[in-house]
There are 2 protein chains.
Amino acid sequence: MRNAVLQDTLTPKHLKASHIQPNCSTCSLRELCLPVGLDEPEVEALGDLVNHKCQVKRGEYLHRAGSDFKSLYAVRRGVFKTCILEKDGRQQVTGFHMTGELIGLDAISTERHTCDAIALEDSEVCEIPFAKLEEMGRNIPPLMHHFHKIMSREIVKDHGVMMLLGSMKAEERLATFLLNLSRRYFKRGYSSSDFILRMTREEIGSYLGLKLETVSRAFSRLQEEGIITVKNKHINISDIDRLRSKIGG
Amino acid sequence: MRNAVLQDTLTPKHLKASHIQPNCSTCSLRELCLPVGLDEPEVEALGDLVNHKCQVKRGEYLHRAGSDFKSLYAVRRGVFKTCILEKDGRQQVTGFHMTGELIGLDAISTERHTCDAIALEDSEVCEIPFAKLEEMGRNIPPLMHHFHKIMSREIVKDHGVMMLLGSMKAEERLATFLLNLSRRYFKRGYSSSDFILRMTREEIGSYLGLKLETVSRAFSRLQEEGIITVKNKHINISDIDRLRSKIGG
DNA sequence: TTCTTGTTTTGATCCATGTCAATGCAAGGG
DNA sequence: CCCTTGCATTGACATGGATCAAAACAAGAA
């Protein structure tokens with residue numbers, strides 16, 4: 001829509017690159033993304049290795065489970081979900097990824113992607129060739145260190161999800177999920193109390209280990225209690241303290 | 001028991017070090033642990049930075065949530081559990097760690113441990129100062145690369161647990177758990193069909209998102225079906241194929 | 001040995017969530 | 001506009017696992 005012309009440039013691969021904003025230095029996500037803690041020349045060097053602004057339309061795959069791993073992707077605009085699919089058809093959403101977040105960390109271990117990554121709305125990513133990143137990390141210790149922190153944070157996040165899945169009830173899970181989204185929107189300069197969900201009830205359910213009906217009922221209950229307002233994908237948190245108290249109350 | 005004398009050496013900190021086998025080069029776990037893929041001089045260099053053989057008795061903490069992070073630990077002997085504890089008392093076991101596996105990856109993100117690590121039997125670890133590891137990684141690219149693979153593998157593992165917690169039934173969870181243990185014992189040269197559990201039913205339950213009674217019942221059912229034999233902590237897998245078919249059948 | 005303590009098993013019952021089914025609602029296409 | 005399609009809500013009912021309770025069992029201490 002916004003950049004319809006740009007989106008229709010020639011496509012060497014499945015990813016369409018456009019070079020409007022060709023470096024990390026000028027990127028508004030700088031402080032959320034890989035370059036955290038780097039000085040100006042370092043950011044420039046990093047930016048030179050990154051393929052900026054690859055477009056992924058809503059519903060398109062950024063990568064599929066089993067495909068070759070060459071690059072990490074940083075979300076520049078939009079939202080992605082990642083999910084794993086068992087042979088028996090079972091599916092698990094393993095994460096939702098917002099701007100500044102890295103996708104593909106799981107693939108380093110086997111050089112193959114272990115999950116599908118799918119755009120939940122028209123999105124853009126920056127492609128970061130991993131071999132080059134490692135090489136550059138050797139010369140820029142803060143870059144390497146921050147990369148380690150990002151991987152570690154991913155592990156901590158997953159442990160939080162394990163806690164949620166292992167020992168929380170439906171309503172607690174949903175409250176936790178909403179508060180997490182709220183915090184992440186806030187960090188990005190958006191309202192922490194009013195936002196649009198980019199994922200369906202089924203995707204939320206898959207992430208939270210619940211059926212979509214249970215998710216829907218939990219939404220309704222929180223609404224009846226006056227804690228949130230739900231209008232389809234539009235969520236308004238009217239009483240964040242009571243929402244917080246839903247967890248482990 | 002075996003090394004009672006050694007265990008009673010002077011203790012500068014809470015970890016007691018003894019210097020019988022002072023380098024990674026001669027360690028039998030070399031191919032399971034950090035040094036994978038390194039050549040001889042590199043392994044020696046790595047070994048020099050590691051504080052080998054710190055003893056941790058059964059029930060003792062290797063580290064606690066909130067404590068300062070300085071080092072990773074590689075399990076050299078024994079088994080550990082890691083668990084997070086919410087303010088409301090809820091507890092979640094996030095992993096069981098066998099020889100050659102690294103503990104502490106979660107702590108890199110905030111420089112604080114995010115979980116408790118507790119020895120489930122008398123154990124030994126090697127302490128790996130993380131700052132030094134990063135420094136050395138700059139000069140030994142394969143070391144850095146393998147470290148990234150280890151972190152990535154941890155993420156993949158956690159995604160597997162999320163799948164398990166999010167969409168499997170009690171019996172499937174337990175079957176998955178047993179098959180995972182079986183594979184890990186096998187890799188370490190032990191029987192893949194006959195082993196001793198080091199954790200209680202309650203700890204298994206916490207890891208699998210089940211109550212201990214449910215774990216016990218699932219064991220009993222698998223035994224009634226002739227798939228395994230359970231005698232307290234002693235497990236014998238008599239029909240591994242049928243155990244596999246329990247998952248997603 | 002007996003006592004104690006922690007763990008495991010088993011049974012009886014309950015409840016949160018899953019399942020099945022119907023209806024409602026919003027968005028896009030003809 | 002209506003029709004279609006996908007998503008969300010709501011209700012009725014079934015069920016897997018939680019909970020509560022008791023007993024069995026194992027290991028260590030006295």
# chains A, B, ... in the order shown; residues from 1 in each chain; ligands from 1

call {"tool": "residues_around", "arguments": {"residues": "A:Met162", "least_positions_apart": "2", "cutoff": "12 Å", "atoms": "only C-alpha atoms (C1' of nucleotides)", "output": "PyMOL selection string"}}
result
(chain A and resi 94+155-160+164-168+173+207-209) or (chain B and resi 83-84+91-95+155+157-166+206-209)

call {"tool": "select_by_dssp", "arguments": {"residues": "stretch 85-143 of chain B", "states": "strand (DSSP E)", "output": "VMD selection string"}}
result
chain B and resid 85 91 to 97 102 to 103 116 to 119 123 to 129

call {"tool": "write_last_selection", "arguments": {"atoms": "N, CA and C atoms", "output": "short mmCIF file (atom, residue, chain, number, x, y, z; two decimals), in the first residue's frame"}}
result
data_model
loop_
_atom_site.label_atom_id
_atom_site.label_comp_id
_atom_site.auth_asym_id
_atom_site.auth_seq_id
_atom_site.Cartn_x
_atom_site.Cartn_y
_atom_site.Cartn_z
N LEU B 85 11.66 -19.75 40.01
CA LEU B 85 10.75 -19.68 41.14
C LEU B 85 10.07 -18.33 41.10
N GLN B 91 6.86 -22.91 40.94
CA GLN B 91 8.18 -23.33 40.53
C GLN B 91 8.11 -24.05 39.19
N GLN B 92 9.12 -23.85 38.37
CA GLN B 92 9.17 -24.57 37.09
C GLN B 92 10.58 -25.08 36.87
N VAL B 93 10.71 -26.38 36.75
CA VAL B 93 12.00 -26.95 36.36
C VAL B 93 12.19 -26.68 34.88
N THR B 94 13.28 -25.99 34.53
CA THR B 94 13.49 -25.63 33.12
C THR B 94 14.42 -26.59 32.40
N GLY B 95 15.09 -27.46 33.16
CA GLY B 95 15.94 -28.42 32.49
C GLY B 95 16.67 -29.34 33.44
N PHE B 96 17.05 -30.50 32.90
CA PHE B 96 17.96 -31.41 33.60
C PHE B 96 19.24 -31.47 32.78
N HIS B 97 20.37 -31.41 33.46
CA HIS B 97 21.63 -31.21 32.74
C HIS B 97 22.61 -32.33 33.03
N LEU B 102 26.17 -27.43 29.16
CA LEU B 102 26.52 -26.14 29.75
C LEU B 102 25.37 -25.56 30.56
N ILE B 103 25.69 -25.03 31.72
CA ILE B 103 24.70 -24.39 32.58
C ILE B 103 25.05 -22.91 32.72
N ASP B 116 17.83 -21.14 39.63
CA ASP B 116 18.65 -21.92 40.53
C ASP B 116 19.19 -23.15 39.79
N ALA B 117 20.40 -23.53 40.12
CA ALA B 117 20.94 -24.79 39.57
C ALA B 117 21.34 -25.66 40.74
N ILE B 118 20.78 -26.84 40.83
CA ILE B 118 20.93 -27.69 42.00
C ILE B 118 21.39 -29.09 41.57
N ALA B 119 22.37 -29.60 42.27
CA ALA B 119 22.89 -30.94 41.96
C ALA B 119 21.91 -32.00 42.42
N SER B 123 28.19 -34.22 42.30
CA SER B 123 28.56 -33.85 40.95
C SER B 123 29.83 -33.04 40.90
N GLU B 124 30.33 -32.87 39.69
CA GLU B 124 31.47 -31.99 39.46
C GLU B 124 31.20 -31.13 38.23
N VAL B 125 31.66 -29.91 38.29
CA VAL B 125 31.53 -29.04 37.11
C VAL B 125 32.89 -28.41 36.80
N CYS B 126 33.03 -27.96 35.57
CA CYS B 126 34.15 -27.11 35.20
C CYS B 126 33.62 -25.70 35.07
N GLU B 127 34.35 -24.76 35.67
CA GLU B 127 33.93 -23.37 35.64
C GLU B 127 34.61 -22.67 34.47
N ILE B 128 33.83 -22.00 33.64
CA ILE B 128 34.36 -21.35 32.44
C ILE B 128 34.08 -19.85 32.54
N PRO B 129 35.08 -19.07 32.90
CA PRO B 129 34.87 -17.62 33.03
C PRO B 129 34.41 -17.07 31.68
#

call {"tool": "calpha_fit_and_write", "arguments": {"fixed": "chain A", "moving": "chain B", "output": "short mmCIF file (atom, residue, chain, number, x, y, z; two decimals) with C-alpha atoms, in the first residue's frame"}}
result
data_model
loop_
_atom_site.label_atom_id
_atom_site.label_comp_id
_atom_site.auth_asym_id
_atom_site.auth_seq_id
_atom_site.Cartn_x
_atom_site.Cartn_y
_atom_site.Cartn_z
CA MET B 1 -0.29 -0.07 0.17
CA ARG B 2 2.08 2.67 1.33
CA ASN B 3 4.93 1.69 -0.94
CA ALA B 4 3.20 -0.26 -3.60
CA VAL B 5 5.72 0.79 -6.21
CA LEU B 6 8.70 -0.20 -4.12
CA GLN B 7 7.23 -3.56 -3.36
CA ASP B 8 7.16 -4.40 -7.02
CA THR B 9 10.86 -4.03 -7.71
CA LEU B 10 12.67 -6.90 -9.35
CA THR B 11 13.15 -9.86 -7.07
CA PRO B 12 16.46 -11.74 -7.30
CA LYS B 13 15.22 -14.28 -4.75
CA HIS B 14 12.02 -14.51 -2.84
CA LEU B 15 12.98 -11.39 -0.93
CA LYS B 16 12.57 -8.01 -2.53
CA ALA B 17 15.11 -5.47 -1.41
CA SER B 18 14.84 -1.72 -1.81
CA HIS B 19 17.58 0.69 -0.87
CA ILE B 20 15.94 3.73 0.54
CA GLN B 21 17.55 3.65 3.95
CA PRO B 22 20.70 1.73 3.41
CA ASN B 23 22.29 1.76 6.84
CA CYS B 24 21.68 0.95 10.47
CA SER B 25 23.02 4.35 11.55
CA THR B 26 19.87 6.14 10.52
CA CYS B 27 17.45 3.42 11.55
CA SER B 28 14.97 4.30 14.24
CA LEU B 29 15.20 0.80 15.68
CA ARG B 30 18.91 1.11 16.38
CA GLU B 31 18.45 0.98 20.12
CA LEU B 32 16.22 -2.08 20.02
CA CYS B 33 18.17 -4.10 17.52
CA LEU B 34 21.63 -5.56 16.97
CA PRO B 35 23.61 -2.30 17.06
CA VAL B 36 22.92 -1.59 20.73
CA GLY B 37 26.03 -0.28 22.41
CA LEU B 38 28.10 0.24 19.28
CA ASP B 39 29.78 3.52 18.36
CA GLU B 40 29.20 5.27 15.05
CA PRO B 41 31.87 3.66 12.84
CA GLU B 42 30.95 0.25 14.18
CA VAL B 43 27.28 0.75 13.38
CA GLU B 44 28.26 1.82 9.87
CA ALA B 45 30.35 -1.28 9.39
CA LEU B 46 27.52 -3.45 10.60
CA GLY B 47 25.10 -1.65 8.34
CA ASP B 48 27.28 -2.36 5.33
CA LEU B 49 26.96 -6.07 5.82
CA VAL B 50 23.20 -6.02 6.19
CA ASN B 51 20.77 -6.33 3.32
CA HIS B 52 18.20 -3.76 4.30
CA LYS B 53 14.48 -3.70 3.82
CA CYS B 54 13.42 -7.00 2.37
CA GLN B 55 9.67 -7.04 1.91
CA VAL B 56 7.51 -9.89 3.10
CA LYS B 57 3.80 -9.63 2.45
CA ARG B 58 1.18 -10.74 4.90
CA GLY B 59 0.91 -14.51 4.93
CA GLU B 60 4.22 -15.04 3.14
CA TYR B 61 7.01 -17.18 4.54
CA LEU B 62 10.26 -15.55 5.53
CA HIS B 63 11.68 -19.04 5.77
CA ARG B 64 10.46 -22.59 6.19
CA ALA B 65 11.51 -25.35 8.53
CA GLY B 66 14.24 -27.43 6.95
CA SER B 67 15.50 -24.73 4.61
CA ASP B 68 19.15 -23.71 4.53
CA PHE B 69 20.29 -21.21 7.08
CA LYS B 70 22.45 -18.38 5.83
CA SER B 71 21.15 -15.31 7.55
CA LEU B 72 19.40 -13.97 10.57
CA TYR B 73 16.59 -11.52 10.02
CA ALA B 74 15.78 -8.43 12.01
CA VAL B 75 12.20 -7.27 11.85
CA ARG B 76 12.12 -3.73 10.54
CA ARG B 77 8.39 -3.30 10.12
CA GLY B 78 5.45 -5.55 10.85
CA VAL B 79 5.06 -8.73 12.89
CA PHE B 80 6.00 -12.35 12.35
CA LYS B 81 5.06 -15.60 13.96
CA THR B 82 7.38 -18.58 14.14
CA CYS B 83 5.98 -22.06 14.47
CA ILE B 84 7.08 -25.65 14.46
CA LEU B 85 5.05 -28.40 12.86
CA GLU B 86 5.29 -32.05 13.87
CA LYS B 87 4.85 -34.86 11.37
CA ASP B 88 1.51 -35.72 13.01
CA GLY B 89 0.19 -32.29 12.12
CA ARG B 90 0.50 -30.78 15.54
CA GLN B 91 1.57 -27.19 15.44
CA GLN B 92 3.11 -24.93 18.05
CA VAL B 93 3.61 -21.20 17.70
CA THR B 94 6.97 -20.57 19.35
CA GLY B 95 6.93 -16.80 19.20
CA PHE B 96 5.62 -13.52 17.86
CA HIS B 97 8.30 -11.16 16.65
CA MET B 98 8.07 -7.40 16.59
CA THR B 99 10.34 -4.66 15.22
CA GLY B 100 13.96 -4.86 16.26
CA GLU B 101 13.72 -8.54 17.17
CA LEU B 102 15.88 -11.20 15.57
CA ILE B 103 14.49 -14.25 13.79
CA GLY B 104 16.49 -17.37 13.00
CA LEU B 105 18.59 -17.93 16.12
CA ASP B 106 17.32 -21.50 16.33
CA ALA B 107 18.85 -22.30 12.95
CA ILE B 108 22.46 -21.72 13.94
CA SER B 109 22.67 -25.10 15.64
CA THR B 110 22.06 -27.23 12.55
CA GLU B 111 22.45 -24.73 9.69
CA ARG B 112 18.80 -25.43 8.89
CA HIS B 113 15.78 -23.52 10.01
CA THR B 114 13.82 -25.48 12.58
CA CYS B 115 10.64 -23.48 12.20
CA ASP B 116 8.49 -21.58 9.76
CA ALA B 117 8.48 -17.80 9.98
CA ILE B 118 5.38 -16.15 8.57
CA ALA B 119 4.47 -12.48 8.27
CA LEU B 120 1.25 -11.61 10.08
CA GLU B 121 1.00 -8.32 8.21
CA ASP B 122 2.91 -6.70 5.38
CA SER B 123 6.40 -6.51 6.80
CA GLU B 124 10.02 -5.73 6.15
CA VAL B 125 13.14 -7.39 7.47
CA CYS B 126 16.86 -6.76 7.31
CA GLU B 127 18.89 -9.78 6.28
CA ILE B 128 22.06 -10.34 8.31
CA PRO B 129 24.42 -12.91 6.79
CA PHE B 130 25.46 -14.93 9.80
CA ALA B 131 28.96 -15.91 8.70
CA LYS B 132 29.77 -12.28 8.12
CA LEU B 133 28.29 -11.33 11.44
CA GLU B 134 30.54 -13.80 13.24
CA GLU B 135 33.52 -12.53 11.32
CA MET B 136 32.76 -8.95 12.19
CA GLY B 137 32.14 -9.89 15.79
CA ARG B 138 35.76 -10.92 16.06
CA ASN B 139 36.83 -7.37 15.38
CA ILE B 140 34.05 -5.65 17.30
CA PRO B 141 33.83 -7.29 20.73
CA PRO B 142 30.82 -5.24 21.88
CA LEU B 143 28.90 -6.49 18.87
CA MET B 144 29.68 -10.10 19.70
CA HIS B 145 28.88 -9.55 23.34
CA HIS B 146 25.55 -7.97 22.57
CA PHE B 147 24.72 -10.77 20.21
CA HIS B 148 25.34 -13.23 23.03
CA LYS B 149 23.02 -11.22 25.22
CA ILE B 150 20.33 -11.41 22.58
CA MET B 151 20.62 -15.19 22.34
CA SER B 152 20.63 -15.48 26.09
CA ARG B 153 17.55 -13.28 26.33
CA GLU B 154 15.80 -15.60 23.92
CA ILE B 155 16.55 -18.50 26.27
CA VAL B 156 15.23 -16.56 29.25
CA LYS B 157 12.10 -15.71 27.32
CA ASP B 158 11.54 -19.35 26.43
CA HIS B 159 11.93 -20.32 30.08
CA GLY B 160 9.23 -17.80 30.89
CA VAL B 161 6.95 -19.45 28.35
CA MET B 162 7.72 -22.84 29.86
CA MET B 163 6.65 -21.51 33.24
CA LEU B 164 3.49 -20.13 31.69
CA LEU B 165 2.65 -23.37 29.89
CA GLY B 166 3.66 -25.56 32.78
CA SER B 167 1.88 -23.95 35.65
CA MET B 168 -0.57 -21.20 34.74
CA LYS B 169 -4.29 -21.31 34.12
CA ALA B 170 -5.92 -19.99 30.97
CA GLU B 171 -6.72 -16.55 32.34
CA GLU B 172 -3.26 -16.12 33.81
CA ARG B 173 -1.68 -17.12 30.53
CA LEU B 174 -3.70 -14.61 28.59
CA ALA B 175 -3.02 -11.85 31.12
CA THR B 176 0.71 -12.59 30.92
CA PHE B 177 0.52 -12.51 27.15
CA LEU B 178 -1.30 -9.17 27.05
CA LEU B 179 1.07 -7.59 29.55
CA ASN B 180 4.01 -8.79 27.51
CA LEU B 181 2.59 -7.29 24.33
CA SER B 182 1.78 -4.11 26.19
CA ARG B 183 5.37 -3.72 27.39
CA ARG B 184 6.78 -4.40 23.96
CA TYR B 185 4.49 -1.88 22.26
CA PHE B 186 5.42 0.67 24.90
CA LYS B 187 9.13 0.17 24.28
CA ARG B 188 8.51 0.91 20.62
CA GLY B 189 6.74 4.17 21.33
CA TYR B 190 3.19 2.91 20.92
CA SER B 191 0.40 2.92 23.44
CA SER B 192 0.82 0.27 26.10
CA SER B 193 -2.91 0.17 26.78
CA ASP B 194 -4.42 0.22 23.35
CA PHE B 195 -3.32 -1.91 20.44
CA ILE B 196 -4.33 -4.16 17.59
CA LEU B 197 -3.57 -7.84 17.75
CA ARG B 198 -1.98 -9.09 14.57
CA MET B 199 -2.65 -12.75 15.28
CA THR B 200 -5.84 -14.80 15.40
CA ARG B 201 -7.33 -16.42 18.50
CA GLU B 202 -6.09 -19.71 17.19
CA GLU B 203 -2.50 -18.47 16.96
CA ILE B 204 -2.68 -17.00 20.44
CA GLY B 205 -4.06 -20.31 21.62
CA SER B 206 -1.28 -22.27 20.00
CA TYR B 207 1.30 -20.05 21.64
CA LEU B 208 -0.38 -20.28 25.04
CA GLY B 209 -1.22 -23.97 24.89
CA LEU B 210 -4.97 -23.35 24.74
CA LYS B 211 -7.77 -23.89 22.24
CA LEU B 212 -9.11 -20.85 20.46
CA GLU B 213 -12.45 -21.12 22.25
CA THR B 214 -10.69 -20.96 25.59
CA VAL B 215 -8.79 -17.87 24.50
CA SER B 216 -12.02 -16.25 23.39
CA ARG B 217 -13.72 -17.07 26.69
CA ALA B 218 -10.78 -15.72 28.67
CA PHE B 219 -10.98 -12.46 26.70
CA SER B 220 -14.70 -12.27 27.41
CA ARG B 221 -14.21 -12.87 31.11
CA LEU B 222 -11.54 -10.18 31.41
CA GLN B 223 -13.89 -7.85 29.60
CA GLU B 224 -16.85 -8.68 31.85
CA GLU B 225 -14.67 -7.85 34.83
CA GLY B 226 -13.93 -4.44 33.34
CA ILE B 227 -10.21 -5.06 33.04
CA ILE B 228 -9.99 -4.84 29.27
CA THR B 229 -12.15 -3.97 26.29
CA VAL B 230 -12.08 -6.38 23.38
CA LYS B 231 -13.45 -5.52 20.00
CA ASN B 232 -12.23 -8.26 17.74
CA LYS B 233 -8.49 -7.65 17.39
CA HIS B 234 -8.61 -4.30 19.07
CA ILE B 235 -7.59 -4.50 22.71
CA ASN B 236 -7.81 -1.77 25.28
CA ILE B 237 -6.41 -2.35 28.73
CA SER B 238 -8.45 -0.22 31.10
CA ASP B 239 -7.09 -1.49 34.40
CA ILE B 240 -3.53 -2.69 34.03
CA ASP B 241 -3.06 -3.21 37.76
CA ARG B 242 -5.93 -5.63 37.98
CA LEU B 243 -4.62 -7.33 34.87
CA ARG B 244 -1.27 -7.75 36.63
CA SER B 245 -2.95 -9.10 39.72
CA LYS B 246 -4.51 -11.83 37.59
CA ILE B 247 -1.10 -13.44 37.46
CA GLY B 248 -0.41 -15.58 40.47
CA GLY B 249 -3.17 -13.94 42.48
#

call {"tool": "closest_atom_pairs", "arguments": {"of": "chain C", "to": "chain B", "cutoff": "8 Å", "atoms": "only C-alpha atoms (C1' of nucleotides)", "output": "CSV"}}
result
residue,atom,partner,partner_atom,distance
C:DT7,C1',B:Thr200,CA,7.6
C:DT8,C1',B:Ser216,CA,7.3
C:DT9,C1',B:Ser216,CA,7.0

call {"tool": "write_last_selection", "arguments": {"atoms": "N, CA and C atoms (P, O5', C5', C4', C3', O3' and C1' of nucleotides)", "output": "PDB file, in the first residue's frame"}}
result
ATOM      1  P    DT C   7      11.605 -36.150  48.779  1.00  0.00           P
ATOM      2  O5'  DT C   7      11.003 -37.442  48.089  1.00  0.00           O
ATOM      3  C5'  DT C   7      11.819 -38.593  47.975  1.00  0.00           C
ATOM      4  C4'  DT C   7      10.950 -39.738  47.534  1.00  0.00           C
ATOM      5  C3'  DT C   7      10.073 -39.430  46.316  1.00  0.00           C
ATOM      6  O3'  DT C   7      10.517 -40.263  45.265  1.00  0.00           O
ATOM      7  C1'  DT C   7       8.880 -40.609  47.996  1.00  0.00           C
ATOM      8  P    DT C   8       9.872 -40.238  43.840  1.00  0.00           P
ATOM      9  O5'  DT C   8       8.725 -41.329  43.938  1.00  0.00           O
ATOM     10  C5'  DT C   8       9.060 -42.677  44.221  1.00  0.00           C
ATOM     11  C4'  DT C   8       7.785 -43.479  44.359  1.00  0.00           C
ATOM     12  C3'  DT C   8       6.817 -43.336  43.186  1.00  0.00           C
ATOM     13  O3'  DT C   8       6.709 -44.607  42.566  1.00  0.00           O
ATOM     14  C1'  DT C   8       5.710 -43.234  45.286  1.00  0.00           C
ATOM     15  P    DT C   9       5.828 -44.858  41.300  1.00  0.00           P
ATOM     16  O5'  DT C   9       4.481 -45.419  41.933  1.00  0.00           O
ATOM     17  C5'  DT C   9       4.546 -46.553  42.780  1.00  0.00           C
ATOM     18  C4'  DT C   9       3.186 -46.789  43.392  1.00  0.00           C
ATOM     19  C3'  DT C   9       2.023 -46.856  42.397  1.00  0.00           C
ATOM     20  O3'  DT C   9       1.423 -48.133  42.531  1.00  0.00           O
ATOM     21  C1'  DT C   9       1.489 -45.502  44.275  1.00  0.00           C
TER      22       DT C   9
END

call {"tool": "atom_distance", "arguments": {"atom1": "atom C1' of D:DC20", "atom2": "atom C1' of C:DT10"}}
result
12.7 Å

call {"tool": "select_by_dssp", "arguments": {"residues": "stretch 11-204 of chain A", "states": "helix (DSSP H, G or I)", "output": "ChimeraX atom specification"}}
result
/A:24-26,40-49,105-108,130-139,141-167,170-187,201-204

call {"tool": "residues_around", "arguments": {"residues": "D:DA27", "least_positions_apart": "5", "cutoff": "12 Å", "atoms": "only C-alpha atoms (C1' of nucleotides)", "output": "PyMOL selection string"}}
result
chain C and resi 4-7

call {"tool": "write_last_selection", "arguments": {"atoms": "N, CA and C atoms (P, O5', C5', C4', C3', O3' and C1' of nucleotides)", "output": "mmCIF file, in the first residue's frame"}}
result
data_model
loop_
_atom_site.group_PDB
_atom_site.id
_atom_site.type_symbol
_atom_site.label_atom_id
_atom_site.label_comp_id
_atom_site.auth_asym_id
_atom_site.auth_seq_id
_atom_site.Cartn_x
_atom_site.Cartn_y
_atom_site.Cartn_z
ATOM 1 P P DT C 4 9.110 -41.850 65.654
ATOM 2 O "O5'" DT C 4 9.860 -41.274 64.387
ATOM 3 C "C5'" DT C 4 11.279 -41.059 64.447
ATOM 4 C "C4'" DT C 4 11.727 -40.464 63.120
ATOM 5 C "C3'" DT C 4 10.696 -39.538 62.473
ATOM 6 O "O3'" DT C 4 11.347 -38.349 62.084
ATOM 7 C "C1'" DT C 4 11.374 -41.205 60.945
ATOM 8 P P DT C 5 10.521 -37.099 61.539
ATOM 9 O "O5'" DT C 5 11.080 -36.921 60.061
ATOM 10 C "C5'" DT C 5 12.378 -37.409 59.698
ATOM 11 C "C4'" DT C 5 12.410 -37.586 58.184
ATOM 12 C "C3'" DT C 5 11.388 -36.710 57.439
ATOM 13 O "O3'" DT C 5 12.056 -35.995 56.435
ATOM 14 C "C1'" DT C 5 11.207 -38.963 56.757
ATOM 15 P P DG C 6 11.238 -34.957 55.468
ATOM 16 O "O5'" DG C 6 11.382 -35.684 54.062
ATOM 17 C "C5'" DG C 6 12.652 -36.219 53.673
ATOM 18 C "C4'" DG C 6 12.432 -37.093 52.460
ATOM 19 C "C3'" DG C 6 11.584 -36.432 51.378
ATOM 20 O "O3'" DG C 6 12.192 -36.713 50.128
ATOM 21 C "C1'" DG C 6 10.602 -38.487 52.029
ATOM 22 P P DT C 7 11.605 -36.150 48.779
ATOM 23 O "O5'" DT C 7 11.003 -37.442 48.089
ATOM 24 C "C5'" DT C 7 11.819 -38.593 47.975
ATOM 25 C "C4'" DT C 7 10.950 -39.738 47.534
ATOM 26 C "C3'" DT C 7 10.073 -39.430 46.316
ATOM 27 O "O3'" DT C 7 10.517 -40.263 45.265
ATOM 28 C "C1'" DT C 7 8.880 -40.609 47.996
#

call {"tool": "atom_distance", "arguments": {"atom1": "atom C1' of C:DC14", "atom2": "atom C1' of D:DT9"}}
result
27.0 Å

call {"tool": "residues_around", "arguments": {"residues": "D:DG11", "least_positions_apart": "2", "cutoff": "10 Å", "atoms": "only C-alpha atoms (C1' of nucleotides)", "output": "PyMOL selection string"}}
result
(chain C and resi 21-22) or (chain D and resi 9+13)

call {"tool": "interface_residues", "arguments": {"of": "chain D", "to": "chain B", "cutoff": "10 Å", "atoms": "only C-alpha atoms (C1' of nucleotides)", "output": "list in words"}}
result
DG16, DG17, DA18, DT19, DC25 and DA26 of chain D

call {"tool": "write_last_selection", "arguments": {"atoms": "N, CA and C atoms (P, O5', C5', C4', C3', O3' and C1' of nucleotides)", "output": "mmCIF file, in the first residue's frame"}}
result
data_model
loop_
_atom_site.group_PDB
_atom_site.id
_atom_site.type_symbol
_atom_site.label_atom_id
_atom_site.label_comp_id
_atom_site.auth_asym_id
_atom_site.auth_seq_id
_atom_site.Cartn_x
_atom_site.Cartn_y
_atom_site.Cartn_z
ATOM 1 P P DG D 16 -9.964 -38.643 28.426
ATOM 2 O "O5'" DG D 16 -8.589 -37.871 28.652
ATOM 3 C "C5'" DG D 16 -8.404 -36.570 28.059
ATOM 4 C "C4'" DG D 16 -7.607 -35.697 29.008
ATOM 5 C "C3'" DG D 16 -6.467 -36.402 29.726
ATOM 6 O "O3'" DG D 16 -5.385 -35.475 29.768
ATOM 7 C "C1'" DG D 16 -8.038 -35.588 31.328
ATOM 8 P P DG D 17 -3.964 -35.891 30.219
ATOM 9 O "O5'" DG D 17 -3.827 -35.163 31.618
ATOM 10 C "C5'" DG D 17 -4.070 -33.763 31.660
ATOM 11 C "C4'" DG D 17 -4.407 -33.335 33.049
ATOM 12 C "C3'" DG D 17 -3.406 -33.747 34.129
ATOM 13 O "O3'" DG D 17 -2.989 -32.551 34.751
ATOM 14 C "C1'" DG D 17 -5.616 -34.193 34.823
ATOM 15 P P DA D 18 -2.182 -32.399 36.075
ATOM 16 O "O5'" DA D 18 -3.280 -31.870 37.098
ATOM 17 C "C5'" DA D 18 -3.961 -30.658 36.822
ATOM 18 C "C4'" DA D 18 -4.799 -30.239 38.019
ATOM 19 C "C3'" DA D 18 -4.051 -30.201 39.346
ATOM 20 O "O3'" DA D 18 -4.536 -29.093 40.102
ATOM 21 C "C1'" DA D 18 -5.777 -31.821 39.455
ATOM 22 P P DT D 19 -3.950 -28.741 41.531
ATOM 23 O "O5'" DT D 19 -4.914 -29.493 42.554
ATOM 24 C "C5'" DT D 19 -6.310 -29.271 42.489
ATOM 25 C "C4'" DT D 19 -7.011 -30.149 43.507
ATOM 26 C "C3'" DT D 19 -6.288 -30.236 44.861
ATOM 27 O "O3'" DT D 19 -7.237 -29.885 45.862
ATOM 28 C "C1'" DT D 19 -6.873 -32.388 44.082
ATOM 29 P P DC D 25 4.094 -52.554 49.577
ATOM 30 O "O5'" DC D 25 5.420 -51.696 49.452
ATOM 31 C "C5'" DC D 25 5.527 -50.740 48.387
ATOM 32 C "C4'" DC D 25 6.705 -49.844 48.680
ATOM 33 C "C3'" DC D 25 7.927 -50.569 49.260
ATOM 34 O "O3'" DC D 25 8.923 -50.531 48.269
ATOM 35 C "C1'" DC D 25 7.546 -48.451 50.271
ATOM 36 P P DA D 26 10.337 -51.242 48.464
ATOM 37 O "O5'" DA D 26 11.248 -50.000 48.821
ATOM 38 C "C5'" DA D 26 11.281 -48.875 47.943
ATOM 39 C "C4'" DA D 26 12.322 -47.910 48.469
ATOM 40 C "C3'" DA D 26 13.589 -48.592 48.986
ATOM 41 O "O3'" DA D 26 14.700 -47.901 48.466
ATOM 42 C "C1'" DA D 26 12.603 -47.261 50.695
#
